[in-house]
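The file protein_20.txt contains compact mmCIF, C-alpha atoms and all ligand atoms:
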# COMPACT_ATOMS: atom_id res chain seq x y z
CA MET A 89 -85.28 -53.69 26.50
CA SER A 90 -86.96 -55.40 29.44
CA ASP A 91 -88.38 -53.35 32.29
CA ASP A 92 -85.38 -54.32 34.38
CA ASP A 93 -83.08 -52.55 31.94
CA PHE A 94 -84.72 -49.16 32.35
CA ARG A 95 -82.81 -47.45 35.09
CA PRO A 96 -83.90 -43.81 35.24
CA ALA A 97 -81.14 -42.74 37.65
CA GLN A 98 -78.46 -44.16 35.37
CA MET A 99 -80.08 -42.55 32.35
CA ILE A 100 -80.14 -39.07 33.88
CA LYS A 101 -76.60 -39.38 35.16
CA GLU A 102 -75.28 -40.39 31.74
CA ARG A 103 -77.22 -37.65 30.03
CA LEU A 104 -75.84 -35.04 32.41
CA GLN A 105 -72.32 -36.43 31.98
CA ASP A 106 -72.67 -36.25 28.18
CA ARG A 107 -73.90 -32.68 28.36
CA LEU A 108 -71.11 -31.71 30.73
CA ARG A 109 -68.44 -33.27 28.49
CA SER A 110 -69.70 -31.24 25.53
CA GLU A 111 -70.83 -28.06 27.31
CA GLY A 112 -68.27 -28.00 30.15
CA ALA A 113 -70.65 -26.70 32.79
CA LEU A 114 -74.38 -26.35 33.41
CA SER A 115 -76.20 -23.72 35.41
CA VAL A 116 -77.93 -24.92 38.56
CA ALA A 117 -81.22 -24.25 36.72
CA ALA A 118 -80.29 -26.51 33.81
CA TYR A 119 -79.22 -29.22 36.25
CA MET A 120 -82.48 -28.89 38.21
CA ALA A 121 -84.59 -28.99 35.06
CA GLU A 122 -82.95 -32.25 33.90
CA ALA A 123 -83.12 -33.88 37.31
CA LEU A 124 -86.76 -32.99 37.92
CA PHE A 125 -88.37 -32.92 34.51
CA HIS A 126 -86.43 -35.12 32.09
CA PRO A 127 -89.47 -36.61 30.28
CA MET A 128 -88.49 -40.24 30.85
CA ALA A 129 -86.24 -40.29 33.86
CA GLY A 130 -86.79 -37.05 35.78
CA PHE A 131 -87.87 -37.15 39.41
CA TYR A 132 -91.41 -35.96 38.65
CA ALA A 133 -91.64 -37.92 35.40
CA THR A 134 -91.09 -41.34 36.89
CA LYS A 135 -93.12 -41.56 40.03
CA ASP A 136 -95.53 -40.11 42.52
CA PRO A 137 -93.15 -38.68 45.10
CA LEU A 138 -95.83 -37.39 47.46
CA GLY A 139 -97.15 -38.81 50.68
CA ALA A 140 -96.09 -40.44 53.88
CA ALA A 141 -94.72 -43.56 52.18
CA ASN A 142 -92.85 -41.69 49.46
CA ASP A 143 -90.34 -38.85 49.35
CA PHE A 144 -91.99 -35.90 51.01
CA ILE A 145 -95.31 -34.85 52.47
CA THR A 146 -97.12 -31.59 51.83
CA ALA A 147 -99.89 -29.73 53.65
CA PRO A 148 -102.79 -31.12 51.58
CA GLU A 149 -101.47 -34.64 52.19
CA ILE A 150 -101.25 -34.00 55.94
CA SER A 151 -104.85 -32.95 56.34
CA GLN A 152 -108.05 -32.48 54.34
CA MET A 153 -108.56 -29.25 56.34
CA PHE A 154 -105.87 -27.50 54.30
CA GLY A 155 -107.64 -27.94 50.95
CA GLU A 156 -111.05 -27.34 52.51
CA LEU A 157 -110.03 -23.96 53.90
CA LEU A 158 -108.42 -22.96 50.61
CA GLY A 159 -111.65 -24.04 48.88
CA LEU A 160 -113.61 -21.65 51.08
CA TRP A 161 -111.04 -18.95 50.33
CA ALA A 162 -111.50 -19.54 46.58
CA ALA A 163 -115.29 -19.38 46.97
CA GLU A 164 -114.93 -16.08 48.82
CA CYS A 165 -112.80 -14.72 45.96
CA TRP A 166 -115.46 -15.85 43.49
CA MET A 167 -118.12 -13.97 45.45
CA GLN A 168 -115.89 -10.89 45.63
CA MET A 169 -115.70 -10.98 41.82
CA GLY A 170 -119.51 -10.79 41.75
CA ALA A 171 -120.16 -14.56 41.58
CA PRO A 172 -119.73 -14.84 37.77
CA SER A 173 -121.77 -17.67 36.24
CA ARG A 174 -118.58 -19.30 34.92
CA PHE A 175 -115.13 -18.94 36.37
CA GLU A 176 -111.82 -20.74 36.16
CA LEU A 177 -110.28 -22.47 39.14
CA ILE A 178 -106.68 -23.12 38.13
CA GLU A 179 -104.21 -25.10 40.20
CA LEU A 180 -100.50 -24.97 39.44
CA GLY A 181 -98.58 -28.16 40.29
CA PRO A 182 -101.46 -30.13 41.84
CA GLY A 183 -99.41 -33.13 43.07
CA THR A 184 -101.80 -35.99 43.80
CA GLY A 185 -104.94 -33.88 43.24
CA ARG A 186 -105.85 -34.17 46.91
CA MET A 187 -106.00 -30.44 47.53
CA MET A 188 -108.34 -29.84 44.58
CA SER A 189 -110.55 -32.68 45.72
CA ASP A 190 -110.83 -31.15 49.21
CA MET A 191 -111.35 -27.65 47.77
CA LEU A 192 -114.27 -28.78 45.63
CA ARG A 193 -115.88 -30.64 48.51
CA ALA A 194 -115.71 -27.51 50.64
CA GLY A 195 -116.96 -25.42 47.72
CA ARG A 196 -120.36 -27.09 48.10
CA ALA A 197 -120.93 -24.78 51.05
CA ALA A 198 -121.12 -21.74 48.75
CA PRO A 199 -124.41 -21.83 46.82
CA GLY A 200 -123.81 -21.68 43.05
CA PHE A 201 -120.03 -22.14 43.32
CA LEU A 202 -119.95 -25.65 41.87
CA ASP A 203 -122.27 -24.64 39.03
CA ALA A 204 -119.90 -21.85 38.04
CA VAL A 205 -116.53 -23.49 38.51
CA HIS A 206 -114.43 -24.85 35.64
CA VAL A 207 -111.31 -26.61 36.90
CA THR A 208 -107.95 -26.71 35.11
CA LEU A 209 -104.87 -28.41 36.53
CA VAL A 210 -101.49 -27.26 35.24
CA GLU A 211 -99.15 -30.23 35.55
CA ALA A 212 -95.80 -30.99 33.94
CA SER A 213 -95.52 -34.60 35.05
CA PRO A 214 -97.37 -37.32 33.10
CA ALA A 215 -97.11 -39.67 36.11
CA LEU A 216 -98.73 -37.17 38.47
CA LYS A 217 -101.39 -36.31 35.91
CA MET A 218 -102.52 -39.94 36.08
CA VAL A 219 -102.61 -39.85 39.86
CA GLN A 220 -104.66 -36.62 39.73
CA GLY A 221 -107.12 -38.27 37.33
CA GLN A 222 -107.63 -41.11 39.80
CA THR A 223 -108.00 -38.85 42.83
CA LEU A 224 -110.52 -36.65 41.04
CA ALA A 225 -112.43 -39.39 39.21
CA ASN A 226 -115.47 -38.75 41.41
CA ALA A 227 -115.09 -35.00 41.76
CA PRO A 228 -118.39 -33.06 41.70
CA VAL A 229 -117.29 -31.28 38.49
CA PRO A 230 -115.12 -32.46 35.59
CA VAL A 231 -111.46 -31.46 35.66
CA HIS A 232 -109.27 -30.46 32.72
CA TRP A 233 -105.51 -30.26 32.26
CA ALA A 234 -103.19 -27.75 30.65
CA LYS A 235 -99.45 -28.13 30.03
CA ASP A 236 -98.72 -24.60 31.10
CA PHE A 237 -100.43 -21.62 32.65
CA GLU A 238 -100.67 -19.67 29.40
CA LYS A 239 -102.78 -22.45 27.87
CA THR A 240 -105.51 -22.24 30.51
CA PRO A 241 -108.97 -21.00 29.42
CA SER A 242 -109.61 -17.28 29.76
CA GLY A 243 -112.21 -15.73 32.06
CA PRO A 244 -112.46 -14.66 35.70
CA ALA A 245 -110.14 -16.90 37.71
CA VAL A 246 -108.78 -18.05 41.01
CA VAL A 247 -105.24 -19.44 40.64
CA ILE A 248 -103.67 -21.50 43.43
CA GLY A 249 -100.26 -23.11 43.83
CA ASN A 250 -99.06 -24.96 46.91
CA GLU A 251 -95.37 -25.88 46.87
CA PHE A 252 -95.27 -24.99 43.18
CA LEU A 253 -92.81 -22.08 43.08
CA ASP A 254 -90.19 -23.98 45.10
CA CYS A 255 -89.59 -26.45 42.28
CA LEU A 256 -89.14 -23.89 39.51
CA PRO A 257 -85.47 -24.17 38.51
CA ILE A 258 -83.28 -21.54 40.18
CA ARG A 259 -79.89 -20.16 39.22
CA GLN A 260 -77.24 -19.36 41.80
CA ALA A 261 -74.46 -16.80 41.74
CA VAL A 262 -71.44 -16.24 43.96
CA ARG A 263 -69.78 -12.90 44.65
CA HIS A 264 -66.15 -13.28 43.65
CA GLN A 265 -63.63 -10.42 43.62
CA GLY A 266 -66.39 -7.86 43.43
CA GLN A 267 -68.20 -9.56 40.54
CA TRP A 268 -71.15 -11.95 40.32
CA ARG A 269 -70.22 -15.32 38.87
CA GLU A 270 -72.72 -18.04 37.94
CA ARG A 271 -72.51 -21.09 40.20
CA VAL A 272 -72.35 -24.09 37.89
CA VAL A 273 -72.36 -27.87 38.01
CA THR A 274 -69.36 -29.63 36.45
CA LEU A 275 -67.74 -33.07 36.42
CA HIS A 276 -65.18 -33.67 39.16
CA PRO A 277 -61.79 -33.23 37.44
CA GLU A 278 -60.37 -36.49 38.80
CA ASP A 279 -63.51 -38.54 39.15
CA GLN A 280 -65.79 -38.09 36.14
CA ASP A 281 -68.42 -40.12 37.91
CA ARG A 282 -69.13 -37.29 40.33
CA PHE A 283 -70.74 -33.90 39.94
CA VAL A 284 -69.33 -30.86 41.74
CA PHE A 285 -70.16 -27.17 41.97
CA GLY A 286 -67.84 -24.61 40.44
CA LEU A 287 -67.64 -20.98 39.40
CA GLY A 288 -68.80 -20.19 35.89
CA PRO A 289 -69.03 -17.04 33.78
CA MET A 290 -69.73 -13.55 35.08
CA LEU A 291 -73.40 -12.57 35.21
CA SER A 292 -74.57 -10.10 32.60
CA ASP A 293 -76.30 -6.89 33.67
CA SER A 294 -79.68 -8.34 32.75
CA ASP A 295 -78.95 -11.44 34.87
CA ILE A 296 -78.07 -9.21 37.80
CA GLY A 297 -81.59 -7.81 37.43
CA TYR A 298 -82.85 -11.15 38.81
CA ILE A 299 -81.01 -10.63 42.10
CA ALA A 300 -83.01 -8.87 44.83
CA PRO A 301 -81.74 -5.23 44.81
CA ALA A 302 -80.91 -5.39 48.53
CA LEU A 303 -78.42 -8.20 47.85
CA ARG A 304 -76.73 -6.92 44.71
CA LYS A 305 -73.75 -5.45 46.57
CA SER A 306 -73.10 -8.40 48.93
CA GLU A 307 -69.64 -9.22 50.25
CA ASP A 308 -67.21 -11.56 48.54
CA GLY A 309 -68.17 -15.18 49.05
CA ALA A 310 -71.91 -14.45 49.33
CA LEU A 311 -74.25 -16.75 47.42
CA VAL A 312 -77.51 -15.47 45.97
CA GLU A 313 -80.33 -17.18 44.15
CA LEU A 314 -81.93 -16.00 40.93
CA ARG A 315 -85.51 -17.06 40.35
CA PRO A 316 -86.37 -16.36 36.73
CA GLY A 317 -89.34 -18.71 37.06
CA ASP A 318 -90.98 -16.47 39.68
CA GLN A 319 -90.59 -13.45 37.47
CA GLN A 320 -92.07 -15.27 34.50
CA GLN A 321 -94.99 -16.49 36.62
CA MET A 322 -95.73 -12.97 37.86
CA GLU A 323 -95.62 -11.57 34.33
CA GLN A 324 -97.94 -14.27 33.02
CA LEU A 325 -100.30 -13.70 35.91
CA ALA A 326 -100.32 -9.95 35.32
CA ASN A 327 -101.03 -10.46 31.60
CA ARG A 328 -103.95 -12.68 32.41
CA PHE A 329 -105.34 -10.38 35.11
CA LYS A 330 -105.16 -7.38 32.77
CA ARG A 331 -107.58 -9.19 30.45
CA ASP A 332 -109.77 -10.96 33.01
CA PRO A 333 -110.28 -10.35 36.72
CA GLY A 334 -108.78 -12.79 39.17
CA TYR A 335 -107.08 -13.68 42.43
CA ALA A 336 -104.00 -15.86 42.94
CA LEU A 337 -102.52 -17.51 46.01
CA PHE A 338 -99.09 -19.08 46.39
CA VAL A 339 -98.17 -21.07 49.48
CA ASP A 340 -94.61 -22.24 49.95
CA TYR A 341 -91.64 -22.30 52.26
CA GLY A 342 -89.26 -19.44 52.16
CA SER A 343 -88.12 -16.20 53.68
CA ALA A 344 -90.11 -13.01 54.26
CA LYS A 345 -87.09 -10.84 53.33
CA PRO A 346 -84.26 -11.32 50.82
CA GLU A 347 -81.36 -13.29 52.30
CA THR A 348 -78.08 -14.56 50.95
CA GLY A 349 -77.29 -18.27 51.25
CA ASP A 350 -77.76 -21.59 49.52
CA THR A 351 -81.31 -22.93 49.91
CA LEU A 352 -81.15 -25.62 47.24
CA GLN A 353 -82.14 -28.84 48.92
CA ALA A 354 -82.62 -32.41 47.89
CA ILE A 355 -85.08 -34.69 49.67
CA ARG A 356 -85.25 -38.43 49.13
CA ALA A 357 -87.46 -40.64 51.28
CA HIS A 358 -87.93 -37.78 53.79
CA GLN A 359 -84.15 -37.34 54.25
CA LYS A 360 -82.03 -34.40 53.16
CA VAL A 361 -79.40 -35.63 50.72
CA ASP A 362 -76.63 -34.08 48.60
CA PRO A 363 -78.32 -32.30 45.64
CA LEU A 364 -75.55 -33.51 43.32
CA ASP A 365 -75.85 -37.15 44.33
CA ALA A 366 -77.94 -39.40 42.05
CA PRO A 367 -79.89 -36.69 40.19
CA GLY A 368 -83.45 -37.69 39.33
CA THR A 369 -83.87 -39.73 42.51
CA ALA A 370 -84.49 -36.82 44.89
CA ASP A 371 -86.78 -33.81 44.91
CA LEU A 372 -84.86 -30.58 44.35
CA THR A 373 -86.34 -27.36 45.65
CA ALA A 374 -85.29 -23.91 46.77
CA TRP A 375 -86.84 -21.40 49.13
CA VAL A 376 -89.12 -18.72 47.79
CA ASP A 377 -88.15 -15.12 48.59
CA PHE A 378 -91.61 -13.74 49.38
CA ASP A 379 -90.56 -10.10 49.53
CA ARG A 380 -89.04 -10.39 46.07
CA LEU A 381 -92.05 -12.30 44.73
CA LEU A 382 -94.45 -9.63 45.98
CA ARG A 383 -92.34 -6.81 44.52
CA LEU A 384 -92.20 -8.62 41.18
CA GLY A 385 -95.99 -8.89 41.30
CA LEU A 386 -96.39 -5.18 42.03
CA ASP A 387 -93.89 -4.29 39.30
CA ALA A 388 -95.85 -6.41 36.84
CA GLY A 389 -99.00 -4.42 37.68
CA LEU A 390 -100.76 -6.71 40.15
CA ALA A 391 -102.24 -5.83 43.52
CA ALA A 392 -100.18 -7.76 46.10
CA PHE A 393 -101.05 -9.16 49.56
CA GLY A 394 -98.86 -10.72 52.23
CA PRO A 395 -96.50 -12.17 53.12
CA MET A 396 -98.35 -13.99 55.86
CA THR A 397 -97.40 -17.18 57.65
CA GLN A 398 -99.36 -20.35 56.96
CA GLY A 399 -100.15 -20.63 60.66
CA GLU A 400 -101.74 -17.18 60.81
CA PHE A 401 -103.61 -17.66 57.55
CA LEU A 402 -105.14 -21.02 58.45
CA THR A 403 -106.11 -19.69 61.86
CA GLU A 404 -107.72 -16.66 60.22
CA LEU A 405 -109.61 -18.96 57.83
CA GLY A 406 -110.96 -20.94 60.80
CA ILE A 407 -108.93 -24.16 61.07
CA GLU A 408 -109.83 -24.50 64.76
CA GLN A 409 -113.54 -24.31 64.04
CA ARG A 410 -113.17 -26.76 61.15
CA ALA A 411 -111.29 -29.22 63.38
CA ALA A 412 -114.03 -28.89 66.01
CA VAL A 413 -116.73 -29.68 63.43
CA LEU A 414 -114.82 -32.70 62.07
CA SER A 415 -114.13 -33.90 65.62
CA LYS A 416 -117.85 -34.40 66.25
CA SER A 417 -118.10 -37.30 63.85
CA VAL A 418 -114.97 -39.26 64.83
CA ASP A 419 -113.83 -41.30 67.82
CA GLU A 420 -111.16 -40.27 70.31
CA ALA A 421 -108.31 -41.52 68.16
CA GLY A 422 -109.71 -39.53 65.25
CA GLN A 423 -109.92 -36.42 67.39
CA ALA A 424 -106.32 -36.81 68.46
CA ARG A 425 -105.33 -37.22 64.83
CA LEU A 426 -107.12 -34.01 63.84
CA LYS A 427 -105.33 -32.17 66.62
CA ARG A 428 -101.97 -33.48 65.44
CA GLN A 429 -102.72 -32.47 61.85
CA MET A 430 -103.75 -28.98 62.89
CA HIS A 431 -100.62 -28.65 64.99
CA ARG A 432 -98.37 -29.67 62.08
CA LEU A 433 -99.98 -27.12 59.79
CA VAL A 434 -100.09 -24.13 62.11
CA SER A 435 -97.50 -24.42 64.86
CA PRO A 436 -94.37 -22.29 64.40
CA GLU A 437 -92.09 -25.23 65.28
CA ASP A 438 -93.59 -27.22 62.43
CA MET A 439 -94.92 -25.76 59.13
CA GLY A 440 -96.75 -22.75 60.55
CA GLU A 441 -93.98 -20.19 60.25
CA LEU A 442 -91.57 -21.42 57.60
CA PHE A 443 -94.49 -21.78 55.21
CA LYS A 444 -95.82 -18.47 54.00
CA LEU A 445 -98.14 -17.17 51.41
CA ALA A 446 -98.53 -14.32 49.01
CA ALA A 447 -101.69 -13.37 47.14
CA PHE A 448 -102.26 -11.24 44.07
CA SER A 449 -105.23 -9.81 42.26
CA SER A 450 -106.14 -7.74 39.27
CA ASP A 451 -106.67 -4.07 39.99
CA GLY A 452 -110.13 -2.91 40.94
CA LEU A 453 -111.21 -5.96 42.93
CA PRO A 454 -111.82 -5.98 46.69
CA PRO A 455 -108.67 -6.98 48.67
CA ALA A 456 -107.77 -10.68 48.78
CA PRO A 457 -109.72 -12.27 51.66
CA GLY A 458 -107.83 -12.74 54.92
CA ILE A 459 -104.47 -11.23 53.89
CA ALA A 460 -103.25 -7.69 54.46
CA PRO A 461 -101.95 -5.70 51.47
CA PHE A 462 -98.20 -5.84 50.89
CA SER A 463 -96.36 -2.64 51.67
CA ARG A 464 -92.98 -1.96 50.12
N1 LIG B 501 -99.30 -28.93 45.19
C1 LIG B 501 -99.00 -30.29 45.51
C2 LIG B 501 -97.70 -30.81 44.89
C3 LIG B 501 -96.45 -30.08 45.18
S1 LIG B 501 -95.06 -30.83 44.37
C4 LIG B 501 -99.00 -30.48 47.02
O1 LIG B 501 -98.95 -29.50 47.72
O2 LIG B 501 -99.04 -31.61 47.47
C5 LIG B 501 -94.86 -29.82 42.94
C6 LIG B 501 -95.89 -30.05 41.85
O3 LIG B 501 -95.64 -29.10 40.81
C7 LIG B 501 -95.85 -31.40 41.19
O4 LIG B 501 -97.15 -31.74 40.83
C8 LIG B 501 -94.98 -31.12 39.96
O5 LIG B 501 -95.08 -32.09 38.98
C9 LIG B 501 -95.51 -29.77 39.55
N2 LIG B 501 -94.67 -28.91 38.72
C10 LIG B 501 -93.43 -28.48 38.99
N3 LIG B 501 -92.98 -27.63 38.05
C11 LIG B 501 -93.98 -27.50 37.16
C12 LIG B 501 -94.14 -26.73 35.97
N4 LIG B 501 -93.17 -25.95 35.50
N5 LIG B 501 -95.32 -26.80 35.32
C13 LIG B 501 -96.32 -27.58 35.81
N6 LIG B 501 -96.22 -28.33 36.92
C14 LIG B 501 -95.07 -28.30 37.59

Just give me the structure as structure tokens.
Amino acid sequence: MSDDDFRPAQMIKERLQDRLRSEGALSVAAYMAEALFHPMAGFYATKDPLGAANDFITAPEISQMFGELLGLWAAECWMQMGAPSRFELIELGPGTGRMMSDMLRAGRAAPGFLDAVHVTLVEASPALKMVQGQTLANAPVPVHWAKDFEKTPSGPAVVIGNEFLDCLPIRQAVRHQGQWRERVVTLHPEDQDRFVFGLGPMLSDSDIGYIAPALRKSEDGALVELRPGDQQQMEQLANRFKRDPGYALFVDYGSAKPETGDTLQAIRAHQKVDPLDAPGTADLTAWVDFDRLLRLGLDAGLAAFGPMTQGEFLTELGIEQRAAVLSKSVDEAGQARLKRQMHRLVSPEDMGELFKLAAFSSDGLPPAPGIAPFSR
């Protein structure tokens, strides 16, 4: 097979069609998992989708200030844990590695931080792992990788994930004649070349447990999203933080309260596209329900903080002061660029309000820096 013969999009499409012919229907989660993480042809497996020239752009790619401020936040957490002589800095879904690189540079400001830190990146995509290796080749400390969170080294930790939870596969369910039915992906009955959504089996009682309680009795026609990945992440975090102290921070887009509605979106080359069109060639994500996430964290036994908007958080951490410092060493064009970057990150019309964060910690530690405790 020559390189020209390897067509990832065709491969994923045929694989999904084969599965649908034998299985009849797939959950939205199974569809998402194939489209994003098929080892040879999935969206994350085949390329580096991040950055201005690619499919989408994230906060750390917009400005170094984002990672720098989170680096200072992590250093503050480390100090609040008593500045242990070794601690784990774990990033979930590190993308290009840019954020970690900026975090470590900022970490220099905290005496002893870089001597104590041991970095592990949790990354599912082999292609992105290579990009991370390049970005961090000259990092002030060596970096390590783990395939999943449970395989990260034990010890006091700070865990960070930016735009990580949004790509965990979600399920969807539709209220139909007073029952919850799984929303599924099937082949179009007349055109087997196309994928369409349909109604699948009724949800079991344990599945209904994944729906936010406030939404469980929604009206007919309502669509809800089930996020088993969030629940699993909170349980794994709680298990870890029962053994070893730690703080965790998740930044993502989503709602502060549970809402019905379809938030599954596909982005290709910065454009919203149909999630069922050409799977594997677009990023598929869904909004995080921060209220639900925080409740799951509390239920799992964690202390929970937030939700807070990205704009408020970055302002609290001192983005204006950081921009002023950086502005001193650049020309006018550079200063204007810094202003634009700051505006994109914090202004409510841009990322400042839609993007939110939630933090967690093990019991018995001082509150997470800069974020008020969550109240039910
Ligand atoms: N944090 C980066 C990248 C966000 S894109 C940024 O803000 O720029 C999502 C990242 O999560 C990618 O690196 C993707 O490969 C990774 N990812 C998604 N699901 C994952 C999983 N289950 N385990 C590990 N990494 C995952």

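If you measure from each of A:Arg464, A:Lys416, A:Arg425, A:Arg410 to Phe378 of chain A using all atoms listed in the file, the closest one turns out to be A:Arg464.
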
Can you build me a table of chain A residues sitting at most 8 Å from ligand LIG 501 (chain B), with the closest atom pair per residue and its distance in Å to one decimal, using all atoms listed in the file, sorted by chain and residue number, as CSV?
residue,atom,partner,partner_atom,distance
A:Phe125,CA,B:LIG501,N3,7.9
A:Tyr132,CA,B:LIG501,O5,5.3
A:Ala133,CA,B:LIG501,O5,7.7
A:Leu138,CA,B:LIG501,O2,6.6
A:Ile145,CA,B:LIG501,O2,7.0
A:Thr146,CA,B:LIG501,O2,4.8
A:Ala147,CA,B:LIG501,O1,6.0
A:Pro148,CA,B:LIG501,O2,5.6
A:Glu149,CA,B:LIG501,O2,6.1
A:Glu179,CA,B:LIG501,N1,8.0
A:Leu180,CA,B:LIG501,N6,6.0
A:Gly181,CA,B:LIG501,O3,3.1
A:Pro182,CA,B:LIG501,N1,4.2
A:Gly183,CA,B:LIG501,C2,3.4
A:Thr184,CA,B:LIG501,O2,6.3
A:Gly185,CA,B:LIG501,C1,7.3
A:Arg186,CA,B:LIG501,O2,7.3
A:Met187,CA,B:LIG501,C4,7.0
A:Val210,CA,B:LIG501,C13,5.2
A:Glu211,CA,B:LIG501,N6,3.8
A:Ala212,CA,B:LIG501,C13,3.9
A:Ser213,CA,B:LIG501,O5,4.7
A:Leu216,CA,B:LIG501,O4,6.1
A:Lys217,CA,B:LIG501,O4,7.9
A:Lys235,CA,B:LIG501,C13,6.6
A:Asp236,CA,B:LIG501,N5,5.8
A:Phe237,CA,B:LIG501,N5,7.8
A:Gly249,CA,B:LIG501,N1,6.1
A:Asn250,CA,B:LIG501,N1,4.3
A:Glu251,CA,B:LIG501,C3,4.7
A:Phe252,CA,B:LIG501,O3,4.8
A:Leu253,CA,B:LIG501,N3,7.5
A:Asp254,CA,B:LIG501,C5,7.8
A:Cys255,CA,B:LIG501,C10,5.4
A:Leu256,CA,B:LIG501,N3,5.6

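Candidate residues A:Ala421, A:Leu160, A:Leu275, A:Ala460 were compared for distance to Ala113 of chain A, and the nearest is A:Leu275, using only C-alpha atoms.
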
Best match for closeness to Val207 of chain A among A:Leu405, A:Ser189, A:Gln321, A:His232, counting all atoms listed in the file: A:His232

List the residues sitting within 12 Å of (-76.0, -34.5, 31.7) in the file's frame, using all atoms listed in the file, as a ChimeraX atom specification. /A:97-116,118-123,126,129-130,273-275,280-283,364,366-368

Ref. answer, residues at most 10 Å from (-121.9, -28.9, 36.9) with all atoms listed in the file, as a ChimeraX atom specification: /A:200-206,228-230

Atoms kept (C-alpha atoms) for selection, written as a tab-separated table (two decimals), in the frame of the given file:
chain	number	residue	atom	x	y	z
A	200	GLY	CA	-123.81	-21.68	43.05
A	201	PHE	CA	-120.03	-22.14	43.32
A	202	LEU	CA	-119.95	-25.65	41.87
A	203	ASP	CA	-122.27	-24.64	39.03
A	204	ALA	CA	-119.90	-21.85	38.04
A	205	VAL	CA	-116.53	-23.49	38.51
A	206	HIS	CA	-114.43	-24.85	35.64
A	228	PRO	CA	-118.39	-33.06	41.70
A	229	VAL	CA	-117.29	-31.28	38.49
A	230	PRO	CA	-115.12	-32.46	35.59

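Using only C-alpha atoms, the nearest neighbour of Gln168 of chain A within the list A:Arg432, A:Leu314, A:Ser449, A:Ala357 is A:Ser449.
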
So how far away is atom CA of Leu337 of chain A from atom CA of Ala447 of chain A, in Å? 4.4 Å

Near Asp379 of chain A, within 8 Å and counting only C-alpha atoms, which residues show up once chain neighbours fewer than 5 positions away are dropped, as a list in words? Ser343, Ala344, Lys345, Pro346 and Pro395 of chain A

Any chance you could work out the axis-aligned box around segment 348-355 of chain A, listed atoms only, 8 Å on each side, giving centre and edge lengths in Å to one decimal, as JSON?
{"center_x": -81.2, "center_y": -24.6, "center_z": 49.2, "size_x": 23.8, "size_y": 36.1, "size_z": 20.0}

Shell of 12 Å around Glu347 of chain A, only C-alpha atoms, local chain residues under 2 positions omitted, as an MDAnalysis selection string: chainID A and resid 299:304 306 310:314 342:345 349:351 375:380

Dump as a PDB file, in the coordinates of the input, selection limited to C-alpha atoms:
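This is the output file result06.pdb:
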ATOM      1  CA  ILE A 299     -81.010 -10.630  42.100  1.00  0.00           C
ATOM      2  CA  ALA A 300     -83.010  -8.870  44.830  1.00  0.00           C
ATOM      3  CA  PRO A 301     -81.740  -5.230  44.810  1.00  0.00           C
ATOM      4  CA  ALA A 302     -80.910  -5.390  48.530  1.00  0.00           C
ATOM      5  CA  LEU A 303     -78.420  -8.200  47.850  1.00  0.00           C
ATOM      6  CA  ARG A 304     -76.730  -6.920  44.710  1.00  0.00           C
ATOM      7  CA  SER A 306     -73.100  -8.400  48.930  1.00  0.00           C
ATOM      8  CA  ALA A 310     -71.910 -14.450  49.330  1.00  0.00           C
ATOM      9  CA  LEU A 311     -74.250 -16.750  47.420  1.00  0.00           C
ATOM     10  CA  VAL A 312     -77.510 -15.470  45.970  1.00  0.00           C
ATOM     11  CA  GLU A 313     -80.330 -17.180  44.150  1.00  0.00           C
ATOM     12  CA  LEU A 314     -81.930 -16.000  40.930  1.00  0.00           C
ATOM     13  CA  GLY A 342     -89.260 -19.440  52.160  1.00  0.00           C
ATOM     14  CA  SER A 343     -88.120 -16.200  53.680  1.00  0.00           C
ATOM     15  CA  ALA A 344     -90.110 -13.010  54.260  1.00  0.00           C
ATOM     16  CA  LYS A 345     -87.090 -10.840  53.330  1.00  0.00           C
ATOM     17  CA  GLY A 349     -77.290 -18.270  51.250  1.00  0.00           C
ATOM     18  CA  ASP A 350     -77.760 -21.590  49.520  1.00  0.00           C
ATOM     19  CA  THR A 351     -81.310 -22.930  49.910  1.00  0.00           C
ATOM     20  CA  TRP A 375     -86.840 -21.400  49.130  1.00  0.00           C
ATOM     21  CA  VAL A 376     -89.120 -18.720  47.790  1.00  0.00           C
ATOM     22  CA  ASP A 377     -88.150 -15.120  48.590  1.00  0.00           C
ATOM     23  CA  PHE A 378     -91.610 -13.740  49.380  1.00  0.00           C
ATOM     24  CA  ASP A 379     -90.560 -10.100  49.530  1.00  0.00           C
ATOM     25  CA  ARG A 380     -89.040 -10.390  46.070  1.00  0.00           C
TER      26      ARG A 380
END

So that I can see what lies close to Arg328 of chain A, please list as number ranges by chain the residues with an atom at most 12 Å from it, counting only C-alpha atoms and leaving out residues fewer than 3 positions away in the same chain. A: 176, 237-247, 321-325, 331-336, 388-390, 448-451

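Relative to atom CA of Ile355 of chain A, atom CA of Arg269 of chain A is found at 26.7 Å.
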
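If all atoms listed in the file are the atoms counted, then among A:Leu124, A:Ile258, A:Met430, A:Leu445 the closest residue to Phe338 of chain A is A:Leu445.
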
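With only C-alpha atoms as the atoms that count, the residue of A:Leu158, A:Leu402, A:Pro172, A:Thr134 with the shortest distance to Met218 of chain A is A:Thr134.
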
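Straight-line separation from atom CA of Ala162 of chain A to atom CA of Asp143 of chain A: 28.8 Å.
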
Close residues, Gln267 of chain A itself excluded, 10 Å, all atoms listed in the file, min 6 positions apart in chain, as a ChimeraX atom specification: /A:261,290-291,304-308
